[in-house]
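Peer 1: Provided below: entry-v1.tsv, containing TSV, C-alpha atoms and all ligand atoms.
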```tsv
chain	number	residue	atom	x	y	z
A	1	MET	CA	62.22	39.73	-44.52
A	2	GLU	CA	65.22	41.91	-43.92
A	3	CYS	CA	67.06	42.29	-40.62
A	4	PRO	CA	65.82	45.42	-38.82
A	5	ARG	CA	69.38	46.11	-37.62
A	6	CYS	CA	71.54	45.25	-40.67
A	7	ARG	CA	70.62	46.96	-43.91
A	8	GLY	CA	70.15	44.51	-46.76
A	9	SER	CA	70.73	41.39	-44.70
A	10	LYS	CA	68.02	38.82	-45.39
A	11	LEU	CA	66.65	36.79	-42.51
A	12	VAL	CA	66.91	33.03	-42.94
A	13	LEU	CA	64.61	30.38	-41.51
A	14	GLN	CA	66.27	28.54	-38.66
A	15	ASP	CA	65.26	25.92	-36.14
A	16	HIS	CA	65.69	27.14	-32.57
A	17	LEU	CA	64.62	24.64	-29.88
A	18	GLY	CA	62.08	23.23	-32.29
A	19	ILE	CA	60.70	26.67	-33.13
A	20	GLU	CA	61.01	28.06	-36.64
A	21	VAL	CA	62.55	31.49	-36.29
A	22	ASP	CA	63.88	34.00	-38.82
A	23	ALA	CA	67.49	34.72	-37.96
A	24	CYS	CA	70.01	37.23	-39.30
A	25	PRO	CA	73.28	35.57	-40.36
A	26	GLN	CA	75.11	38.85	-39.85
A	27	CYS	CA	74.16	40.04	-36.33
A	28	ARG	CA	72.62	36.70	-35.19
A	29	GLY	CA	69.50	38.45	-33.99
A	30	MET	CA	66.19	36.67	-34.49
A	31	TRP	CA	62.59	37.43	-35.28
A	32	LEU	CA	59.82	35.60	-33.42
A	33	ASP	CA	56.18	35.76	-34.41
A	34	TYR	CA	53.84	36.50	-31.53
A	35	HIS	CA	53.05	32.88	-30.76
A	36	GLU	CA	56.69	31.85	-31.20
A	37	MET	CA	57.73	33.98	-28.23
A	38	ASP	CA	55.21	32.04	-26.17
A	39	GLN	CA	56.58	28.76	-27.54
A	40	LEU	CA	60.10	29.83	-26.59
A	41	GLU	CA	59.03	30.49	-23.00
A	42	ASP	CA	57.06	27.26	-22.93
A	43	THR	CA	60.30	25.30	-23.37
A	44	VAL	CA	60.99	26.37	-19.75
A	45	MET	CA	57.51	26.84	-18.30
A	46	ASP	CA	54.18	26.43	-20.03
A	47	GLN	CA	51.93	27.70	-17.23
A	48	ASP	CA	50.83	30.98	-18.78
A	49	HIS	CA	48.95	32.12	-15.67
A	50	LEU	CA	52.22	31.99	-13.69
A	51	LYS	CA	54.27	33.96	-16.19
A	52	GLY	CA	52.99	37.39	-15.20
A	53	SER	CA	52.88	40.43	-17.45
A	54	MET	CA	55.35	40.51	-20.28
A	55	MET	CA	55.61	44.19	-21.10
A	56	TYR	CA	56.88	46.91	-18.82
A	57	ALA	CA	58.24	50.42	-19.35
A	58	GLU	CA	57.29	50.69	-23.02
A	59	ARG	CA	59.06	53.34	-25.10
A	60	PRO	CA	59.72	53.95	-28.81
A	61	SER	CA	62.29	51.65	-30.40
A	62	ASP	CA	65.01	52.64	-32.88
A	63	ILE	CA	64.19	49.80	-35.27
A	64	ARG	CA	61.30	49.03	-37.60
A	65	CYS	CA	59.22	45.88	-37.87
A	66	PRO	CA	60.61	43.65	-40.64
A	67	LYS	CA	57.03	42.71	-41.61
A	68	CYS	CA	55.19	46.04	-41.76
A	69	ALA	CA	58.10	48.55	-41.57
A	70	GLN	CA	56.37	50.48	-38.75
A	71	PRO	CA	58.55	51.71	-35.87
A	72	MET	CA	58.66	49.11	-33.13
A	73	THR	CA	58.27	49.57	-29.37
A	74	THR	CA	60.84	48.59	-26.77
A	75	PHE	CA	59.76	47.13	-23.44
A	76	ASN	CA	61.42	45.54	-20.44
A	77	TYR	CA	60.79	41.81	-20.52
A	78	ARG	CA	58.67	40.84	-17.53
A	79	ALA	CA	60.01	43.77	-15.47
A	80	TYR	CA	63.59	42.47	-15.78
A	81	ASP	CA	66.48	44.47	-17.18
A	82	LEU	CA	66.09	42.99	-20.66
A	83	PRO	CA	64.89	45.37	-23.38
A	84	ILE	CA	63.04	43.63	-26.22
A	85	ASP	CA	61.39	45.14	-29.30
A	86	PHE	CA	57.89	44.30	-30.45
A	87	CYS	CA	55.58	45.41	-33.23
A	88	ASP	CA	52.44	47.26	-32.13
A	89	GLY	CA	50.75	45.73	-35.16
A	90	GLY	CA	51.03	42.36	-33.45
A	91	HIS	CA	53.56	40.89	-35.87
A	92	GLY	CA	56.12	39.77	-33.37
A	93	PHE	CA	59.33	40.35	-31.44
A	94	TRP	CA	62.90	41.12	-32.39
A	95	LEU	CA	65.59	39.57	-30.19
A	96	ASP	CA	69.17	40.73	-30.55
A	97	ALA	CA	71.93	38.10	-30.40
A	98	GLY	CA	71.86	36.31	-27.06
A	99	GLU	CA	68.58	37.81	-25.91
A	100	GLU	CA	66.73	34.56	-26.56
A	101	LYS	CA	69.07	32.93	-24.01
A	102	ARG	CA	68.33	35.71	-21.52
A	103	VAL	CA	64.60	35.13	-22.00
A	104	LEU	CA	65.06	31.47	-21.09
A	105	GLU	CA	67.34	32.30	-18.14
A	106	LEU	CA	64.84	34.79	-16.78
A	107	MET	CA	61.97	32.35	-17.24
A	108	GLU	CA	63.99	29.75	-15.31
A	109	LYS	CA	64.70	32.30	-12.60
A	110	ARG	CA	61.00	33.12	-12.42
A	111	LEU	CA	60.17	29.42	-12.13
A	112	ARG	CA	62.68	29.04	-9.24
A	113	ASP	CA	61.27	32.10	-7.48
A	114	LEU	CA	57.73	30.79	-7.88
A	115	LYS	CA	58.71	27.41	-6.45
A	116	ARG	CA	60.41	29.11	-3.50
A	117	THR	CA	57.34	31.23	-2.82
A	118	ALA	CA	55.02	28.26	-3.23
A	119	SER	CA	57.01	26.13	-0.79
A	120	ALA	CA	57.24	28.99	1.71
A	121	GLU	CA	53.48	29.31	1.61
A	122	GLY	CA	52.93	25.57	1.90
A	123	GLU	CA	51.37	25.40	-1.54
A	124	TRP	CA	54.13	23.25	-2.93
A	125	VAL	CA	52.00	20.20	-3.74
A	126	GLY	CA	49.30	22.15	-5.51
A	127	PHE	CA	51.92	24.11	-7.39
A	128	LEU	CA	53.70	20.97	-8.59
A	129	LYS	CA	50.41	19.56	-9.80
A	130	GLY	CA	49.86	22.69	-11.84
A	131	ILE	CA	53.36	22.58	-13.29
A	132	SER	CA	53.37	18.92	-14.31
A	133	GLY	CA	49.97	18.90	-16.00
A	134	ARG	CA	50.41	20.11	-19.55
A	135	LYS	CA	47.39	22.03	-20.63
A	136	PRO	CA	45.55	20.69	-23.65
A	137	PRO	CA	45.41	22.98	-26.66
A	138	ARG	CA	42.08	24.73	-26.90
A	139	PRO	CA	40.51	26.96	-29.51
A	140	GLY	CA	40.97	30.64	-28.88
A	141	SER	CA	43.83	30.03	-26.52
A	142	PHE	CA	46.18	32.11	-28.62
A	143	MET	CA	43.97	35.19	-28.35
A	144	ASN	CA	43.60	34.66	-24.62
A	145	ARG	CA	47.36	34.62	-24.33
A	146	VAL	CA	47.74	37.79	-26.32
A	147	LYS	CA	45.16	39.45	-24.11
A	148	GLY	CA	47.03	38.19	-21.07
A	149	TRP	CA	50.24	39.80	-22.28
A	150	PHE	CA	48.60	43.16	-22.48
A	151	THR	CA	46.97	43.20	-19.07
A	152	GLY	CA	50.21	44.55	-17.63
A	153	ARG	CA	50.48	47.47	-20.03
A	154	ARG	CA	50.93	50.93	-18.63
B	1	ZN	ZN	71.19	41.63	-38.55
B	2	ZN	ZN	54.75	44.88	-37.81
```
Will you turn the file into structure tokens for me?

Peer 2:
Amino acid sequence: MECPRCRGSKLVLQDHLGIEVDACPQCRGMWLDYHEMDQLEDTVMDQDHLKGSMMYAERPSDIRCPKCAQPMTTFNYRAYDLPIDFCDGGHGFWLDAGEEKRVLELMEKRLRDLKRTASAEGEWVGFLKGISGRKPPRPGSFMNRVKGWFTGRR
């Protein structure tokens, strides 16, 4: 695959937090397949039902999907001020240099906010139980996640 930002620059396979991503050596952006974005977030918080909707304020992007060459769509990551590009064909996400760190920072912030809310509402114990119990992998869970991501679409 070629970098959607740098003409002619080939993406190279790279290990990022145990996730195999395709990164551009030139602009240091990276491509994440659909499930890899979820894996990235899971390094901070793996409770999908607490993550909320991923996509807000969708608009046309200025780059094309490195897999299918269709124009991508830009959205604000989980209603934060972080624009990310994704392929409508379901191929994946393009993160510019440093955006993967922002994703993790925002997921950590969300986790802190959720804990604060849970403790304010006296649901702290139940919340902790939910957080510490890793969910077992189950068939079809990937499609459920994808569906979950789109429930917040406008
Ligand atoms: Zn590049
Ligand atoms: Zn695509």

Peer 1: By how many Å are CA of Leu40 in chain A and CA of Arg7 in chain A apart?

Peer 2: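 So the two atoms, CA of Leu40 in chain A and CA of Arg7 in chain A, lie 26.5 Å apart.
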
Peer 1: List all protein, DNA and RNA residues that have at least one atom no more than 6 Å from any atom of ligand ZN 2 (chain B), counting all atoms listed in the file, and write them as a PDB file with C-alpha atoms, in the frame of the given file.

Peer 2:
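File produced: out09.pdb:
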```
ATOM      1  CA  CYS A  65      59.220  45.880 -37.870  1.00  0.00           C
ATOM      2  CA  LYS A  67      57.030  42.710 -41.610  1.00  0.00           C
ATOM      3  CA  CYS A  68      55.190  46.040 -41.760  1.00  0.00           C
ATOM      4  CA  GLN A  70      56.370  50.480 -38.750  1.00  0.00           C
ATOM      5  CA  CYS A  87      55.580  45.410 -33.230  1.00  0.00           C
ATOM      6  CA  GLY A  89      50.750  45.730 -35.160  1.00  0.00           C
ATOM      7  CA  HIS A  91      53.560  40.890 -35.870  1.00  0.00           C
TER       8      HIS A  91
END
```

Peer 1: Residues at most 9 Å from ligand ZN 1 (chain B), using all atoms listed in the file? Could they come as a PyMOL selection string?

Peer 2: chain A and resi 2-11+23-30+96-97

Peer 1: What is the CA of Asp48 in chain A to CA of Thr117 in chain A distance in Å?

Peer 2: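 CA of Thr117 in chain A lies 17.2 Å from CA of Asp48 in chain A.
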
Peer 1: Write out as a list in words which residues come within 7 Å of Ser61 in chain A when counting only C-alpha atoms, dropping same-chain ones fewer than 6 positions away.

Peer 2: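 Answer for this query is Pro71, Met72, Thr73, Thr74 and Asp85 of chain A.
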
Peer 1: Which of these residues is nearest to Val44 in chain A, using all atoms listed in the file: A:Asn76, A:Leu17, A:Glu121, A:Phe86?

Peer 2: A:Leu17

Peer 1: Pick out the closest residue to Val21 in chain A from this set: A:Glu105, A:Pro60, A:Leu95, A:Ala120. Count all atoms listed in the file.

Peer 2: A:Leu95

Peer 1: Please write out, as JSON, where the centre of an axis-aligned box around all listed atoms of range 33-46 of chain A lies and how long its edges are, in Å to one decimal, after adding 6 Å on each side.

Peer 2:
```
{"center_x": 57.0, "center_y": 30.9, "center_z": -26.4, "size_x": 19.9, "size_y": 23.2, "size_z": 28.1}
```

Peer 1: Using only C-alpha atoms, can you tell me which of A:Lys115, A:Lys51, A:Arg59, A:Arg102 comes closest to Asp81 in chain A?

Peer 2: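 So, comparing all the options, the nearest one is A:Arg102.
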